[in-house]
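Text of coords07.pdb, listed as PDB, C-alpha atoms:
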MODEL        1
ATOM      1  CA  MET A   1       0.000   0.000   0.000
ATOM      2  CA  PRO A   2       1.319   3.487  -0.778
ATOM      3  CA  TYR A   3       2.758   5.464   2.096
ATOM      4  CA  LYS A   4       0.082   8.202   2.149
ATOM      5  CA  ALA A   5      -2.774   5.704   1.931
ATOM      6  CA  ARG A   6      -1.298   3.707   4.808
ATOM      7  CA  LEU A   7      -1.146   6.861   6.920
ATOM      8  CA  LYS A   8      -4.877   7.443   6.409
ATOM      9  CA  THR A   9      -5.929   3.884   7.228
ATOM     10  CA  GLY A  10      -3.378   3.281   9.980
ATOM     11  CA  GLU A  11      -2.433  -0.095   8.498
ATOM     12  CA  PRO A  12       1.024  -1.249   9.650
ATOM     13  CA  ARG A  13       3.874  -1.967   7.263
ATOM     14  CA  LYS A  14       4.076  -5.484   5.866
ATOM     15  CA  ARG A  15       7.823  -5.507   6.368
ATOM     16  CA  ALA A  16       9.752  -3.761   9.078
ATOM     17  CA  LYS A  17      11.494  -0.606   7.970
ATOM     18  CA  PRO A  18      15.214  -1.331   7.600
ATOM     19  CA  GLY A  19      17.536   0.477   9.955
ATOM     20  CA  TYR A  20      21.073   1.556   9.221
ATOM     21  CA  ALA A  21      23.884   2.303  11.622
ATOM     22  CA  VAL A  22      27.371   3.661  11.020
ATOM     23  CA  THR A  23      29.875   0.979  11.976
ATOM     24  CA  ASN A  24      33.012   2.957  11.086
ATOM     25  CA  ALA A  25      32.265   6.282  12.743
ATOM     26  CA  HIS A  26      35.845   7.586  12.596
ATOM     27  CA  GLU A  27      36.292   6.927   8.879
ATOM     28  CA  TYR A  28      32.818   8.307   8.195
ATOM     29  CA  ASN A  29      33.569  11.548  10.036
ATOM     30  CA  GLU A  30      36.885  11.939   8.228
ATOM     31  CA  SER A  31      35.192  11.462   4.855
ATOM     32  CA  LEU A  32      32.684  14.195   5.711
ATOM     33  CA  LYS A  33      35.548  16.521   6.641
ATOM     34  CA  ARG A  34      37.305  15.864   3.343
ATOM     35  CA  ARG A  35      34.213  17.014   1.469
ATOM     36  CA  GLY A  36      34.882  20.535   2.681
ATOM     37  CA  GLN A  37      38.575  20.563   1.817
ATOM     38  CA  LEU A  38      39.396  22.682  -1.202
ATOM     39  CA  SER A  39      42.887  22.729  -2.703
ATOM     40  CA  LEU A  40      43.980  24.901  -5.598
ATOM     41  CA  TYR A  41      47.110  23.856  -7.469
ATOM     42  CA  CYS A  42      48.533  26.642  -9.623
ATOM     43  CA  PRO A  43      51.238  26.229 -12.275
ATOM     44  CA  ASP A  44      54.769  27.438 -11.670
ATOM     45  CA  GLY A  45      55.719  30.892 -12.850
ATOM     46  CA  ASP A  46      54.229  34.349 -12.618
ATOM     47  CA  LEU A  47      50.613  33.653 -11.698
ATOM     48  CA  LYS A  48      49.690  37.324 -11.838
ATOM     49  CA  ALA A  49      50.879  37.570 -15.446
ATOM     50  CA  LEU A  50      48.619  34.638 -16.372
ATOM     51  CA  PHE A  51      45.550  36.264 -14.850
ATOM     52  CA  ILE A  52      46.018  40.009 -15.348
ATOM     53  CA  ASN A  53      47.067  42.057 -18.364
ATOM     54  CA  ASP A  54      49.284  44.871 -17.055
ATOM     55  CA  THR A  55      49.166  46.763 -20.352
ATOM     56  CA  PRO A  56      45.500  47.000 -21.400
ATOM     57  CA  TYR A  57      46.364  50.077 -23.474
ATOM     58  CA  GLN A  58      48.842  49.592 -26.309
ATOM     59  CA  LYS A  59      50.314  52.323 -28.435
ATOM     60  CA  GLY A  60      48.922  52.346 -31.937
ATOM     61  CA  VAL A  61      46.018  50.031 -31.056
ATOM     62  CA  SER A  62      42.534  51.485 -30.783
ATOM     63  CA  GLY A  63      40.573  50.687 -27.646
ATOM     64  CA  GLN A  64      41.433  48.809 -24.489
ATOM     65  CA  SER A  65      42.104  45.094 -24.234
ATOM     66  CA  ARG A  66      40.705  43.060 -21.369
ATOM     67  CA  THR A  67      42.519  43.442 -18.072
ATOM     68  CA  TYR A  68      41.485  40.057 -16.645
ATOM     69  CA  SER A  69      41.989  36.876 -18.660
ATOM     70  CA  ASP A  70      39.257  34.330 -19.369
ATOM     71  CA  ALA A  71      41.183  31.745 -17.329
ATOM     72  CA  TYR A  72      40.985  34.008 -14.278
ATOM     73  CA  LEU A  73      37.263  34.565 -14.797
ATOM     74  CA  GLU A  74      36.704  30.808 -15.108
ATOM     75  CA  LEU A  75      38.494  30.273 -11.789
ATOM     76  CA  ILE A  76      36.296  32.853 -10.052
ATOM     77  CA  PHE A  77      33.220  31.401 -11.760
ATOM     78  CA  ILE A  78      34.015  27.957 -10.317
ATOM     79  CA  PHE A  79      34.089  29.383  -6.789
ATOM     80  CA  TYR A  80      30.958  31.401  -7.541
ATOM     81  CA  ARG A  81      28.925  28.359  -8.590
ATOM     82  CA  LEU A  82      30.484  26.028  -6.032
ATOM     83  CA  PHE A  83      29.530  28.117  -3.000
ATOM     84  CA  GLY A  84      26.400  29.739  -4.438
ATOM     85  CA  TRP A  85      27.452  33.190  -3.246
ATOM     86  CA  GLY A  86      26.519  36.599  -4.578
ATOM     87  CA  MET A  87      28.824  38.732  -6.704
ATOM     88  CA  ARG A  88      29.992  40.893  -3.803
ATOM     89  CA  GLN A  89      30.634  37.859  -1.618
ATOM     90  CA  ILE A  90      32.784  36.145  -4.222
ATOM     91  CA  THR A  91      34.900  39.277  -4.720
ATOM     92  CA  GLY A  92      35.519  39.443  -0.967
ATOM     93  CA  HIS A  93      36.428  35.760  -0.904
ATOM     94  CA  MET A  94      38.933  36.134  -3.745
ATOM     95  CA  HIS A  95      40.551  39.180  -2.104
ATOM     96  CA  GLU A  96      41.125  37.176   1.077
ATOM     97  CA  PHE A  97      42.113  34.077  -0.901
ATOM     98  CA  TRP A  98      45.064  35.839  -2.533
ATOM     99  CA  ALA A  99      45.968  37.854   0.581
ATOM    100  CA  LEU A 100      46.326  34.721   2.728
ATOM    101  CA  ARG A 101      48.760  33.339   0.164
ATOM    102  CA  GLY A 102      50.793  36.524   0.032
ATOM    103  CA  LEU A 103      49.934  37.233  -3.609
ATOM    104  CA  ASP A 104      49.216  40.720  -4.917
ATOM    105  CA  ILE A 105      46.552  39.795  -7.476
ATOM    106  CA  GLY A 106      43.662  42.118  -8.166
ATOM    107  CA  VAL A 107      40.039  40.980  -8.238
ATOM    108  CA  PRO A 108      37.420  42.225 -10.730
ATOM    109  CA  SER A 109      34.536  44.254  -9.359
ATOM    110  CA  PHE A 110      31.166  42.550  -8.985
ATOM    111  CA  GLY A 111      29.824  44.628 -11.871
ATOM    112  CA  LEU A 112      32.590  43.441 -14.174
ATOM    113  CA  LEU A 113      32.052  39.846 -13.038
ATOM    114  CA  SER A 114      28.379  40.122 -13.925
ATOM    115  CA  GLU A 115      29.212  41.349 -17.424
ATOM    116  CA  ARG A 116      31.980  38.819 -18.080
ATOM    117  CA  PHE A 117      30.049  35.837 -16.708
ATOM    118  CA  ARG A 118      27.364  36.477 -19.329
ATOM    119  CA  THR A 119      29.812  35.902 -22.183
ATOM    120  CA  LEU A 120      32.149  33.420 -20.510
ATOM    121  CA  GLU A 121      32.463  30.167 -22.443
ATOM    122  CA  VAL A 122      33.032  27.433 -19.886
ATOM    123  CA  GLN A 123      34.215  24.136 -21.346
ATOM    124  CA  VAL A 124      32.074  21.215 -20.186
ATOM    125  CA  LYS A 125      33.915  17.892 -20.033
ATOM    126  CA  GLN A 126      32.268  14.557 -19.356
ATOM    127  CA  GLY A 127      33.623  12.510 -16.491
ATOM    128  CA  CYS A 128      32.340   9.016 -17.236
ATOM    129  CA  ALA A 129      35.309   6.642 -17.056
ATOM    130  CA  ARG A 130      33.835   4.286 -19.646
ATOM    131  CA  VAL A 131      33.311   7.020 -22.234
ATOM    132  CA  ALA A 132      36.709   8.542 -21.463
ATOM    133  CA  GLU A 133      38.317   5.175 -22.170
ATOM    134  CA  ARG A 134      36.470   4.921 -25.490
ATOM    135  CA  LEU A 135      37.632   8.390 -26.494
ATOM    136  CA  ARG A 136      41.235   7.565 -25.623
ATOM    137  CA  ASN A 137      41.008   4.476 -27.819
ATOM    138  CA  GLY A 138      39.703   6.565 -30.716
ATOM    139  CA  GLU A 139      36.296   4.874 -30.817
ATOM    140  CA  ALA A 140      33.423   6.737 -32.440
ATOM    141  CA  ILE A 141      30.426   7.918 -30.444
ATOM    142  CA  SER A 142      26.866   8.916 -31.274
ATOM    143  CA  LEU A 143      25.623  12.397 -30.429
ATOM    144  CA  ILE A 144      22.103  13.507 -29.557
ATOM    145  CA  VAL A 145      21.567  17.202 -30.320
ATOM    146  CA  ASP A 146      18.696  19.388 -29.183
ATOM    147  CA  SER A 147      17.884  22.833 -27.834
ATOM    148  CA  SER A 148      15.462  24.262 -25.306
ATOM    149  CA  GLY A 149      14.282  27.697 -24.226
ATOM    150  CA  MET A 150      14.873  28.993 -20.706
ATOM    151  CA  ASN A 151      12.638  31.580 -19.079
ATOM    152  CA  PHE A 152      14.180  33.816 -16.413
ATOM    153  CA  GLY A 153      11.107  34.514 -14.317
ATOM    154  CA  ARG A 154      12.947  36.390 -11.562
ATOM    155  CA  ALA A 155      13.408  39.341 -13.876
ATOM    156  CA  SER A 156       9.630  39.758 -14.063
ATOM    157  CA  GLU A 157       9.334  39.622 -10.272
ATOM    158  CA  TRP A 158      12.085  42.231  -9.909
ATOM    159  CA  HIS A 159      10.368  44.451 -12.481
ATOM    160  CA  ARG A 160       7.049  44.076 -10.670
ATOM    161  CA  GLN A 161       8.531  45.047  -7.302
ATOM    162  CA  LYS A 162      10.402  48.041  -8.689
ATOM    163  CA  TYR A 163       7.852  49.469 -11.102
ATOM    164  CA  GLY A 164       4.588  48.014  -9.776
ATOM    165  CA  ARG A 165       3.717  46.284 -13.054
ATOM    166  CA  ASP A 166       4.751  43.257 -15.067
ATOM    167  CA  ALA A 167       7.616  43.486 -17.530
ATOM    168  CA  SER A 168       6.537  43.820 -21.137
ATOM    169  CA  GLN A 169       9.053  41.159 -22.171
ATOM    170  CA  THR A 170      10.278  38.242 -20.087
ATOM    171  CA  PRO A 171      13.957  37.462 -20.731
ATOM    172  CA  TRP A 172      14.550  34.246 -22.626
ATOM    173  CA  ARG A 173      17.710  32.375 -23.503
ATOM    174  CA  LYS A 174      18.258  29.281 -25.591
ATOM    175  CA  MET A 175      20.335  26.300 -24.500
ATOM    176  CA  HIS A 176      21.943  24.098 -27.159
ATOM    177  CA  LEU A 177      23.065  20.704 -25.901
ATOM    178  CA  SER A 178      24.817  17.629 -27.271
ATOM    179  CA  ILE A 179      24.982  14.378 -25.299
ATOM    180  CA  ASP A 180      25.664  10.730 -26.040
ATOM    181  CA  PRO A 181      23.228   7.828 -25.469
ATOM    182  CA  GLU A 182      24.783   7.297 -22.025
ATOM    183  CA  MET A 183      23.723  10.827 -21.005
ATOM    184  CA  ASN A 184      27.235  12.296 -20.922
ATOM    185  CA  VAL A 185      27.277  15.999 -21.821
ATOM    186  CA  HIS A 186      29.792  16.781 -24.566
ATOM    187  CA  HIS A 187      28.960  20.392 -25.359
ATOM    188  CA  ILE A 188      26.584  23.064 -24.143
ATOM    189  CA  ALA A 189      26.033  26.659 -25.237
ATOM    190  CA  ILE A 190      23.691  29.441 -24.095
ATOM    191  CA  THR A 191      22.634  31.870 -26.823
ATOM    192  CA  GLU A 192      20.011  34.511 -27.487
ATOM    193  CA  GLU A 193      16.518  33.201 -28.170
ATOM    194  CA  ASN A 194      16.663  34.232 -31.839
ATOM    195  CA  VAL A 195      19.550  31.855 -32.628
ATOM    196  CA  SER A 196      18.091  28.971 -34.635
ATOM    197  CA  ASP A 197      18.817  25.290 -34.109
ATOM    198  CA  GLU A 198      20.625  25.222 -37.440
ATOM    199  CA  ALA A 199      22.997  27.996 -36.391
ATOM    200  CA  GLY A 200      23.813  26.246 -33.118
ATOM    201  CA  LEU A 201      24.439  22.822 -34.633
ATOM    202  CA  ASN A 202      28.032  23.422 -35.735
ATOM    203  CA  ALA A 203      29.058  24.393 -32.211
ATOM    204  CA  MET A 204      27.392  21.272 -30.788
ATOM    205  CA  LEU A 205      29.321  19.023 -33.180
ATOM    206  CA  ALA A 206      32.683  20.630 -32.362
ATOM    207  CA  VAL A 207      33.607  17.939 -29.838
ATOM    208  CA  ASP A 208      36.974  16.312 -29.326
ATOM    209  CA  ALA A 209      35.821  12.877 -30.475
ATOM    210  CA  ASN A 210      35.003  10.820 -33.559
ATOM    211  CA  VAL A 211      31.275  11.089 -34.270
ATOM    212  CA  ASP A 212      29.652   8.324 -36.316
ATOM    213  CA  CYS A 213      26.008   9.333 -35.911
ATOM    214  CA  VAL A 214      24.034  12.470 -35.048
ATOM    215  CA  ILE A 215      20.489  12.113 -33.710
ATOM    216  CA  ALA A 216      18.246  15.191 -33.855
ATOM    217  CA  ASP A 217      14.606  16.152 -34.314
ATOM    218  CA  GLY A 218      12.852  17.640 -37.322
ATOM    219  CA  ALA A 219      14.177  21.154 -36.704
ATOM    220  CA  TYR A 220      17.528  20.015 -38.127
ATOM    221  CA  TYR A 221      16.168  18.288 -41.249
ATOM    222  CA  SER A 222      16.835  21.292 -43.464
ATOM    223  CA  ILE A 223      20.556  20.951 -42.698
ATOM    224  CA  ALA A 224      20.678  17.312 -43.733
TER     225      ALA A 224
ENDMDL
END
Now, as a test, write the supplied structure out as structure tokens.
Amino acid sequence: MPYKARLKTGEPRKRAKPGYAVTNAHEYNESLKRRGQLSLYCPDGDLKALFINDTPYQKGVSGQSRTYSDAYLELIFIFYRLFGWGMRQITGHMHEFWALRGLDIGVPSFGLLSERFRTLEVQVKQGCARVAERLRNGEAISLIVDSSGMNFGRASEWHRQKYGRDASQTPWRKMHLSIDPEMNVHHIAITEENVSDEAGLNAMLAVDANVDCVIADGAYYSIA
């Protein structure tokens, strides 16, 4: 009998509910502690030069180049998503992170992080050992390609609280995704909603593997 129905009738369980007890408390506690340990291994050399461009202005070149490299932004983005903090919190964390290690490395402002995170292309790599072994052996894989729209409803709520009315347009983005039959993600891209499936297909097929078959729906038939 289902759990909720049994609660209404008061009928006892047919089988006793299994109980579990930790038999290796010390090892269990140590494993829980290790979950919170975070180590960052940086390459040898001038770390500041890898992250920060000291000469954003160059003579004879129009405009300003980016001060902070994409690699640095990806590192901050990992901390940002890992801890689920806000922009201001992650900037404070990175300031203290470098200060405790005696490194004089600047940190982008939260406004700059917000702008750069929007255009940051984070490489998604699958971690399945079986698929990784197949790729190392040069075996071909099949790809399943599709796209889906994403509605950012919080923007409407923010607009309603600030202006007292609903937003005329709710922000939308489009997610293009390619996976294999074993549900390993090989590529993902977030674009504007007006980017068609056809335009996003080439990026989804740009994977570091031999592809023998591509499975897609009718939106991609015009390409074939």
TODO: Decode the PyMOL selection byres ((chain A and resi 217) around 10) for the given file into explicit residues and return them as a PyMOL selection string.
DONE: chain A and resi 144-147+215-216+218-221
Open item on the list: Tell me which residues come within 6 Å of (30.2, 23.8, -28.4), as a list in words, counting all atoms listed in the file in the file's coordinates.
Closed with: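 Output of the proximity query reads His187, Ile188, Ala189, Ala203, Met204 and Ala206 of chain A.
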Open item on the list: To one decimal place in Å, what is the distance between CA of Glu74 (chain A) and CA of His176 (chain A)?
Closed with: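 Going from CA of Glu74 (chain A) over to CA of His176 (chain A) covers 20.2 Å.
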How big is the axis-aligned box around the listed atoms of region 189-207 of chain A once 6 Å is added on each side, and where is its centre? Give both in Å to one decimal, as JSON.
{"center_x": 25.1, "center_y": 26.2, "center_z": -30.8, "size_x": 29.1, "size_y": 28.6, "size_z": 25.3}
Open item on the list: Using all atoms listed in the file, which protein or nucleic acid residues come within 12 Å of region 135-138 of chain A? Drop anything in the same chain fewer than 2 positions from it, and give the result as an MDAnalysis selection string.
Closed with: chainID A and resid 126:133 140:142 186 207:212
Task: Gap from CA of Ala99 (chain A) to CA of Ser31 (chain A) - Å, one decimal - done: 28.8 Å
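For the set A:Gln37, A:Asn184, A:Thr23, A:Ser196, the residue with the smallest atom-to-atom gap to Leu143 (chain A) is A:Asn184, counting only C-alpha atoms.
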Open item on the list: Env of Lys48 (chain A): 10 Å cut, atoms = all atoms listed in the file, seq-sep filter 2 positions within chain, self excluded. Answer as a PyMOL selection string.
Closed with: chain A and resi 45-46+50-54+68+72+103-106
TODO: Using only C-alpha atoms, find the one residue out of A:Ser69, A:Leu120, A:Phe110, A:Arg101 that sits nearest to Trp85 (chain A).
DONE: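 The closest residue to Trp85 (chain A) is A:Phe110.
Comparing A:Ser148, A:Ser62, A:Gln161, A:Asn29 by their smallest distance to Gly200 (chain A), the closest is A:Ser148 (using all atoms listed in the file).
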Task: Distance criterion (all atoms listed in the file): nearest to Leu40 (chain A) out of A:Asn194, A:Tyr163, A:His26, A:Ile76 - done: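 Closest to Leu40 (chain A) of all the choices is A:Ile76.
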